[in-house]
Structures are given as structure tokens and as C-alpha cells.
file data-v8.cif (mmCIF, C-alpha atoms)
data_structure
loop_
_atom_site.label_atom_id
_atom_site.label_comp_id
_atom_site.auth_asym_id
_atom_site.auth_seq_id
_atom_site.Cartn_x
_atom_site.Cartn_y
_atom_site.Cartn_z
CA MET X 1 7.47 -8.01 -28.62
CA LYS X 2 9.64 -7.52 -25.55
CA GLN X 3 8.19 -7.24 -22.10
CA TYR X 4 10.25 -5.86 -19.24
CA ILE X 5 9.69 -6.62 -15.55
CA VAL X 6 11.06 -3.86 -13.33
CA ASP X 7 11.11 -3.54 -9.54
CA ALA X 8 10.29 0.11 -8.78
CA PHE X 9 11.12 2.29 -5.76
CA THR X 10 14.08 0.08 -4.89
CA ASP X 11 17.60 -0.75 -6.07
CA LYS X 12 17.37 -4.44 -5.14
CA VAL X 13 15.50 -7.16 -7.01
CA PHE X 14 12.65 -8.84 -5.13
CA ARG X 15 12.04 -5.56 -3.30
CA GLY X 16 9.94 -2.54 -4.17
CA ASN X 17 6.95 -2.91 -6.48
CA PRO X 18 7.18 -5.03 -9.65
CA ALA X 19 5.57 -3.82 -12.87
CA ALA X 20 5.50 -5.15 -16.41
CA VAL X 21 6.25 -2.72 -19.23
CA LEU X 22 5.50 -3.06 -22.95
CA VAL X 23 6.78 -0.28 -25.22
CA MET X 24 4.84 -0.85 -28.44
CA ASP X 25 4.96 0.64 -31.94
CA ARG X 26 1.14 0.68 -32.16
CA TRP X 27 -1.85 0.21 -29.90
CA ILE X 28 -3.39 -3.20 -29.53
CA SER X 29 -6.96 -3.81 -28.42
CA ASP X 30 -8.08 -3.02 -24.89
CA GLU X 31 -9.16 -6.64 -24.54
CA THR X 32 -5.65 -7.87 -25.36
CA MET X 33 -3.99 -5.41 -22.99
CA GLN X 34 -6.34 -6.50 -20.21
CA ALA X 35 -5.62 -10.17 -20.98
CA ILE X 36 -1.85 -9.55 -20.83
CA ALA X 37 -2.22 -7.77 -17.49
CA ALA X 38 -4.28 -10.66 -16.15
CA GLU X 39 -1.69 -13.15 -17.43
CA ASN X 40 1.12 -11.20 -15.75
CA ASN X 41 -0.91 -11.03 -12.50
CA LEU X 42 1.23 -8.14 -11.22
CA ALA X 43 -0.21 -5.07 -9.55
CA GLU X 44 0.21 -3.15 -12.81
CA THR X 45 1.21 -3.61 -16.44
CA ALA X 46 2.12 -0.41 -18.31
CA PHE X 47 1.52 -0.12 -22.05
CA VAL X 48 3.35 2.70 -23.84
CA VAL X 49 3.27 3.99 -27.43
CA GLN X 50 5.25 6.99 -28.73
CA GLU X 51 3.00 9.68 -30.18
CA GLY X 52 5.05 12.57 -31.57
CA GLU X 53 7.46 13.89 -28.97
CA ARG X 54 5.55 12.28 -26.10
CA TYR X 55 4.57 8.79 -25.10
CA ARG X 56 1.03 7.82 -24.25
CA ILE X 57 0.88 5.54 -21.23
CA ARG X 58 -1.92 3.33 -19.96
CA TRP X 59 -1.97 1.20 -16.81
CA PHE X 60 -3.82 -2.06 -16.28
CA THR X 61 -4.26 -4.15 -13.15
CA PRO X 62 -5.19 -7.82 -13.69
CA MET X 63 -8.82 -6.70 -13.44
CA ALA X 64 -9.22 -3.20 -14.91
CA GLU X 65 -7.58 -0.11 -16.36
CA GLU X 66 -6.32 2.41 -13.78
CA GLU X 67 -6.36 6.21 -14.00
CA LEU X 68 -2.90 6.68 -12.46
CA CYS X 69 -0.02 4.48 -11.31
CA GLY X 70 3.27 5.76 -9.95
CA HIS X 71 5.39 2.63 -9.76
CA ALA X 72 4.48 1.46 -13.27
CA THR X 73 5.28 4.94 -14.64
CA LEU X 74 8.65 4.76 -12.90
CA ALA X 75 9.20 1.29 -14.37
CA ALA X 76 8.23 2.47 -17.88
CA SER X 77 10.57 5.46 -17.59
CA PHE X 78 13.41 3.21 -16.44
CA VAL X 79 12.87 1.07 -19.55
CA ILE X 80 12.64 4.01 -21.97
CA LEU X 81 15.62 5.91 -20.56
CA THR X 82 17.75 2.77 -20.24
CA TYR X 83 16.89 0.75 -23.35
CA ILE X 84 14.86 2.86 -25.80
CA GLU X 85 16.38 6.35 -25.48
CA PRO X 86 19.53 5.89 -23.37
CA ASP X 87 20.88 9.34 -24.29
CA ALA X 88 17.76 11.13 -23.04
CA ASP X 89 17.28 12.35 -19.46
CA GLU X 90 13.53 12.95 -19.52
CA VAL X 91 10.42 11.28 -20.84
CA ARG X 92 7.05 13.01 -21.17
CA TYR X 93 3.72 11.24 -21.15
CA THR X 94 0.12 11.82 -22.09
CA SER X 95 -2.28 9.89 -19.89
CA ILE X 96 -5.84 9.72 -18.66
CA SER X 97 -4.62 11.79 -15.69
CA GLY X 98 -3.14 14.49 -17.90
CA GLU X 99 0.46 15.25 -18.77
CA LEU X 100 3.18 13.57 -16.73
CA SER X 101 6.96 13.77 -16.89
CA VAL X 102 9.85 11.75 -15.46
CA ARG X 103 13.46 12.96 -15.23
CA ARG X 104 16.59 10.95 -14.54
CA ILE X 105 18.52 12.61 -11.70
CA GLY X 106 21.65 10.66 -10.81
CA ASP X 107 20.62 7.14 -9.84
CA ARG X 108 16.98 8.13 -9.24
CA PHE X 109 14.00 8.98 -11.40
CA GLU X 110 11.77 11.93 -10.54
CA LEU X 111 8.08 11.67 -11.35
CA ASN X 112 6.11 14.91 -11.68
CA PHE X 113 2.60 13.90 -10.62
CA PRO X 114 -0.65 15.62 -9.61
CA THR X 115 -1.76 16.00 -6.01
CA TYR X 116 -5.34 15.72 -4.82
CA ALA X 117 -7.57 17.81 -2.62
CA LEU X 118 -7.49 16.38 0.92
CA THR X 119 -10.30 16.77 3.44
CA GLU X 120 -10.22 15.64 7.06
CA ILE X 121 -13.29 13.52 7.87
CA PRO X 122 -14.47 12.04 11.16
CA VAL X 123 -12.82 8.84 12.37
CA THR X 124 -15.50 6.14 12.62
CA ASP X 125 -15.96 2.83 14.38
CA ALA X 126 -16.17 1.26 10.92
CA MET X 127 -12.60 2.41 10.22
CA GLU X 128 -11.42 0.90 13.51
CA ARG X 129 -13.11 -2.42 12.74
CA ALA X 130 -11.70 -2.50 9.20
CA TYR X 131 -8.11 -1.67 10.11
CA GLY X 132 -8.07 -3.50 13.46
CA ALA X 133 -6.83 -0.34 15.20
CA ARG X 134 -8.34 3.10 15.67
CA PRO X 135 -6.87 5.90 13.54
CA GLU X 136 -6.14 9.27 15.09
CA LYS X 137 -7.17 11.08 11.91
CA ALA X 138 -8.85 10.24 8.60
CA ILE X 139 -7.97 12.22 5.46
CA LEU X 140 -10.03 11.66 2.32
CA GLY X 141 -8.64 12.39 -1.13
CA LEU X 142 -8.57 9.99 -4.05
CA ASP X 143 -7.86 7.41 -1.31
CA LEU X 144 -8.79 7.11 2.34
CA ASN X 145 -5.63 7.97 4.30
CA CYS X 146 -5.82 6.98 7.95
CA VAL X 147 -3.20 8.35 10.35
CA PHE X 148 -2.22 6.14 13.30
CA ALA X 149 -0.44 6.90 16.56
CA ASP X 150 2.89 5.25 15.69
CA GLU X 151 4.64 3.31 12.96
CA GLU X 152 4.58 -0.01 14.87
CA THR X 153 0.79 0.09 14.76
CA VAL X 154 0.96 0.56 10.98
CA ARG X 155 3.48 -2.27 10.59
CA ARG X 156 1.35 -4.70 12.65
CA LEU X 157 -2.00 -3.99 10.97
CA ALA X 158 -3.94 -7.02 9.74
CA PRO X 159 -7.01 -5.37 8.23
CA ASP X 160 -10.29 -6.99 7.33
CA TYR X 161 -10.34 -6.56 3.56
CA GLU X 162 -14.09 -6.99 3.20
CA LEU X 163 -14.67 -4.24 5.76
CA LEU X 164 -12.10 -1.97 4.09
CA LYS X 165 -14.06 -2.17 0.85
CA GLN X 166 -17.06 -0.65 2.62
CA LEU X 167 -15.10 2.52 3.45
CA PRO X 168 -14.80 5.48 1.06
CA GLY X 169 -11.80 5.79 -1.23
CA ARG X 170 -10.03 4.05 -4.10
CA ILE X 171 -7.19 2.65 -1.95
CA TRP X 172 -7.03 2.42 1.85
CA ASN X 173 -3.76 3.82 3.18
CA ALA X 174 -2.44 3.59 6.74
CA THR X 175 0.32 5.98 7.76
CA ALA X 176 2.20 7.25 10.81
CA LYS X 177 5.16 9.45 11.62
CA GLY X 178 8.33 7.42 11.26
CA SER X 179 11.51 7.07 13.29
CA GLU X 180 14.10 6.62 10.52
CA TYR X 181 11.80 8.13 7.88
CA ASP X 182 9.45 11.10 7.98
CA CYS X 183 6.51 8.77 7.48
CA VAL X 184 5.81 5.06 7.23
CA SER X 185 2.79 3.80 5.30
CA ARG X 186 0.99 0.77 3.93
CA SER X 187 -1.53 0.68 1.07
CA PHE X 188 -4.33 -1.87 0.89
CA THR X 189 -6.02 -2.73 -2.41
CA PRO X 190 -8.46 -5.58 -1.67
CA GLU X 191 -10.48 -4.95 -4.82
CA THR X 192 -7.52 -6.16 -6.91
CA THR X 193 -5.66 -9.47 -7.04
CA VAL X 194 -2.84 -7.86 -5.00
CA PRO X 195 -4.48 -7.07 -1.62
CA GLU X 196 -1.54 -4.99 -0.37
CA ASP X 197 0.28 -2.73 -2.81
CA PRO X 198 4.04 -3.21 -2.22
CA VAL X 199 4.87 0.48 -2.93
CA CYS X 200 2.20 2.90 -4.14
CA GLY X 201 3.34 6.09 -5.86
CA SER X 202 -0.11 7.60 -6.38
CA ALA X 203 -0.93 7.05 -2.70
CA HIS X 204 2.12 9.11 -1.77
CA CYS X 205 0.82 11.99 -3.89
CA GLN X 206 -1.60 12.31 -0.95
CA ILE X 207 0.34 10.86 2.01
CA ALA X 208 3.54 12.85 1.45
CA ASP X 209 1.67 16.03 0.56
CA TRP X 210 -0.21 15.83 3.88
CA TRP X 211 2.89 15.02 5.96
CA ALA X 212 4.84 17.87 4.36
CA LYS X 213 2.22 20.33 5.63
CA VAL X 214 1.95 18.71 9.07
CA LEU X 215 5.72 18.45 9.64
CA GLY X 216 6.54 21.75 7.93
CA LYS X 217 9.07 20.04 5.64
CA LYS X 218 9.80 20.73 1.99
CA VAL X 219 10.97 17.17 1.33
CA ILE X 220 9.48 13.99 2.82
CA ARG X 221 11.45 10.73 3.07
CA ALA X 222 8.83 8.01 2.97
CA TYR X 223 8.97 4.27 3.55
CA GLN X 224 6.32 1.80 2.41
CA ALA X 225 6.30 -0.91 5.07
CA SER X 226 4.92 -3.76 2.95
CA PRO X 227 6.64 -7.17 3.05
CA ARG X 228 8.71 -6.12 0.01
CA GLY X 229 9.30 -2.55 1.22
CA GLY X 230 10.26 0.53 -0.76
CA GLU X 231 11.57 4.09 -0.42
CA LEU X 232 10.34 7.37 -1.89
CA ILE X 233 11.61 10.92 -1.66
CA CYS X 234 8.67 13.28 -2.09
CA GLU X 235 8.64 17.04 -2.64
CA PRO X 236 5.44 19.06 -3.08
CA LEU X 237 5.99 21.53 -5.92
CA GLY X 238 2.98 23.80 -5.52
CA SER X 239 0.34 24.30 -8.21
CA GLU X 240 -1.15 20.90 -7.28
CA ARG X 241 1.96 18.93 -8.31
CA ILE X 242 4.39 16.74 -6.41
CA ALA X 243 7.77 15.18 -7.25
CA LEU X 244 8.24 11.51 -6.35
CA ARG X 245 11.83 10.25 -6.56
CA GLY X 246 12.83 6.62 -6.55
CA LYS X 247 15.16 4.01 -7.93
CA ALA X 248 14.39 1.03 -10.14
CA VAL X 249 16.08 -2.23 -11.08
CA LEU X 250 15.50 -4.70 -13.91
CA PHE X 251 14.27 -8.16 -12.98
CA ALA X 252 13.65 -9.73 -16.40
CA ILE X 253 13.23 -9.21 -20.13
CA SER X 254 10.88 -11.66 -21.84
CA GLU X 255 9.24 -12.02 -25.22
CA ILE X 256 5.51 -12.14 -25.84
CA ALA X 257 5.06 -15.40 -27.75
CA VAL X 258 1.53 -14.95 -29.12
CA PRO X 259 0.15 -12.60 -31.80
CA LEU X 260 -1.11 -9.33 -30.36
CA LEU X 261 -4.34 -8.05 -31.87
#
call {"tool": "encode", "arguments": {"input": "data-v8.cif", "output": "C-alpha cells"}}
result
Amino acid sequence: MKQYIVDAFTDKVFRGNPAAVLVMDRWISDETMQAIAAENNLAETAFVVQEGERYRIRWFTPMAEEELCGHATLAASFVILTYIEPDADEVRYTSISGELSVRRIGDRFELNFPTYALTEIPVTDAMERAYGARPEKAILGLDLNCVFADEETVRRLAPDYELLKQLPGRIWNATAKGSEYDCVSRSFTPETTVPEDPVCGSAHCQIADWWAKVLGKKVIRAYQASPRGGELICEPLGSERIALRGKAVLFAISEIAVPLL
């Protein structure tokens, strides 16, 4: 069985967010999928099986199954629309987070993803201790999204991961208004084996949706300021959906050498 490694939200290898993709003809056991994800030791491994006219997609970190992952969905769509169905321009998925779709538009792929209800909560001393700088605002959705005074603060953050884990949220995002981009962000995931997510699509379902309202813009150009870095173009669509556009590039194609059960 082939396994693809794709760098998502970038057009340069060794940048963006790497994900492994396996497009399978049948499902294998959850235990085997989790073992493969742990062996890969990437932020996410996407497993995909065609079911009728759609594909079912599942995402695994090295430690557990996830309910939604943007960069691995982009990587899977790059693989399907490049190698599996090169004449198609769209792939539709069934997932634990509902129906998703990805379109090829020029040299980018557009993910149609859900947004999340966002509620402003009080900034606390615990947040300041965890991040190492005091946020100006705290917005809670699926993740905790902390807004800082400027992008240099976000770029210089060296958070205390143990303290972050005591705060509410699935992922802990830091964001600020950008100079070259509408917003600059970082996403911290200390409960996984990758403490900082290189480029997080699902986080931008919240970050970009919030900045679009604050800045009064229909389209948000976002930069993830991790060491690898990555770019997203985000457009809230209404009806609790958002479009995330990004590029992807192939790093490697390998072959699984053991029987899959």
C-alpha cells in the first residue's frame, strides 16, 4: 500500500505542515491505523476509503483520533486529485465532523469547513503565565484563541506547555493583527507529540472567522508563524461554514512494508 507525505499550506517542501495520507480500498483496524500514525510521528495521518461517490476520511495523531484536521484534509485532497482522480476538480468527504468538500481552484485547494461558535471570555493571570505575555482578548471556541497586541509578541512567545494544558480549549492559539498579512498566528498542541502545530487549518476556522468580523473583511490572508510557516486564504461563507484555501506539495511516496490488518 502506498503512503504519501505531503506538505500542506505551502508550495515548498520542508515548509507548511506535513501529513501522511493512505488512500485504501478497505478499512483496516483502528489499532493498526493508530500504530501507523504513531510510527509516522507526524502531526496527522489521514486514512481515506471511497464509499460510493464520496470518500470517508479519518485523522489520527500519533496518540489519538481527531475530530477534524484541515492540513491533512488538504493533503488527502492533493493526493486524490493529483494521483487517484486527476481529471476531477472536487472531492467530497464524510467525516466525524460531517460532510466536507475540497475544490481545486488554479494552483490552490479550497476546503469547505465548519466554523464554531466563539465567545469572548475574561483574560486571566493564568493565561498570561501560560503564554508568557498577557493577551488583550480571549476568545473561546473549539480552541482557546488569545489575541495579542502585535505580531512580534506572537512570534516571540515561548509558552509553558504544562500551564497551557490547564487552560480551556482543544488547542491554544495565539494571534495578532499582521503587517504583511491580515493576521499572524501560532497554534500550540502540547498534548500531542508535536507541541507546536506548523499550520493548523481547523484553528483558522475560528481565527480567520473572528478576524473577518473585527476587520470587516470578506477574505482574510493569514500566516502561521511557526518555524516551518504557512499561508492560508480564508473566506467566511455564512451558514456556519468557511473556505480555507492553500497550496500543497509532495515530499515523498513510500510503500507500507507490513501486512495491514
call {"tool": "residues_around", "arguments": {"input": "data-v8.cif", "residues": "Asn145 of chain X", "least_positions_apart": "4", "cutoff": "9 Å", "atoms": "only C-alpha atoms", "output": "MDAnalysis selection string"}}
result
chainID X and resid 137:141 169 171:175 187 203 206:207
call {"tool": "atom_distance", "arguments": {"input": "data-v8.cif", "atom1": "atom CA of Met127 of chain X", "atom2": "atom CA of Glu162 of chain X"}}
result
11.8 Å
call {"tool": "closest_residue", "arguments": {"input": "data-v8.cif", "among": "X:Pro259, X:Pro195, X:Gly16, X:Pro86", "to": "Leu74 of chain X", "atoms": "all atoms listed in the file"}}
result
X:Gly16
call {"tool": "resolve_selection", "arguments": {"input": "data-v8.cif", "expression": "the PyMOL selection byres ((chain X and resi 152) around 12)", "output": "list in words"}}
result
Ala133, Phe148, Ala149, Asp150, Glu151, Thr153, Val154, Arg155, Arg156, Leu157, Ala174, Thr175, Ala176, Lys177, Gly178, Ser179, Cys183, Val184, Ser185, Arg186 and Ala225 of chain X
call {"tool": "residues_near_point", "arguments": {"input": "data-v8.cif", "point": "(18.1, 8.6, -8.3)", "cutoff": "7 Å", "atoms": "only C-alpha atoms", "output": "count of residues only"}}
result
9
call {"tool": "resolve_selection", "arguments": {"input": "data-v8.cif", "expression": "the PyMOL selection byres ((chain X and resi 44) around 6)", "output": "PDB file with C-alpha atoms, in the frame of the given file"}}
result
ATOM      1  CA  ALA X  19       5.570  -3.820 -12.870  1.00  0.00           C
ATOM      2  CA  LEU X  42       1.230  -8.140 -11.220  1.00  0.00           C
ATOM      3  CA  ALA X  43      -0.210  -5.070  -9.550  1.00  0.00           C
ATOM      4  CA  THR X  45       1.210  -3.610 -16.440  1.00  0.00           C
ATOM      5  CA  PHE X  60      -3.820  -2.060 -16.280  1.00  0.00           C
ATOM      6  CA  THR X  61      -4.260  -4.150 -13.150  1.00  0.00           C
TER       7      THR X  61
END
call {"tool": "residues_around", "arguments": {"input": "data-v8.cif", "residues": "Ser77 of chain X", "least_positions_apart": "5", "cutoff": "10 Å", "atoms": "all atoms listed in the file", "output": "PDB file with C-alpha atoms, in the frame of the given file"}}
result
ATOM      1  CA  VAL X  21       6.250  -2.720 -19.230  1.00  0.00           C
ATOM      2  CA  VAL X  48       3.350   2.700 -23.840  1.00  0.00           C
ATOM      3  CA  HIS X  71       5.390   2.630  -9.760  1.00  0.00           C
ATOM      4  CA  ALA X  72       4.480   1.460 -13.270  1.00  0.00           C
ATOM      5  CA  THR X  82      17.750   2.770 -20.240  1.00  0.00           C
ATOM      6  CA  TYR X  83      16.890   0.750 -23.350  1.00  0.00           C
ATOM      7  CA  ILE X  84      14.860   2.860 -25.800  1.00  0.00           C
ATOM      8  CA  GLU X  85      16.380   6.350 -25.480  1.00  0.00           C
ATOM      9  CA  ASP X  89      17.280  12.350 -19.460  1.00  0.00           C
ATOM     10  CA  GLU X  90      13.530  12.950 -19.520  1.00  0.00           C
ATOM     11  CA  VAL X  91      10.420  11.280 -20.840  1.00  0.00           C
ATOM     12  CA  ARG X  92       7.050  13.010 -21.170  1.00  0.00           C
ATOM     13  CA  TYR X  93       3.720  11.240 -21.150  1.00  0.00           C
ATOM     14  CA  SER X 101       6.960  13.770 -16.890  1.00  0.00           C
ATOM     15  CA  VAL X 102       9.850  11.750 -15.460  1.00  0.00           C
ATOM     16  CA  ARG X 103      13.460  12.960 -15.230  1.00  0.00           C
ATOM     17  CA  ARG X 104      16.590  10.950 -14.540  1.00  0.00           C
ATOM     18  CA  PHE X 109      14.000   8.980 -11.400  1.00  0.00           C
ATOM     19  CA  GLU X 110      11.770  11.930 -10.540  1.00  0.00           C
ATOM     20  CA  LEU X 111       8.080  11.670 -11.350  1.00  0.00           C
ATOM     21  CA  ALA X 248      14.390   1.030 -10.140  1.00  0.00           C
TER      22      ALA X 248
END
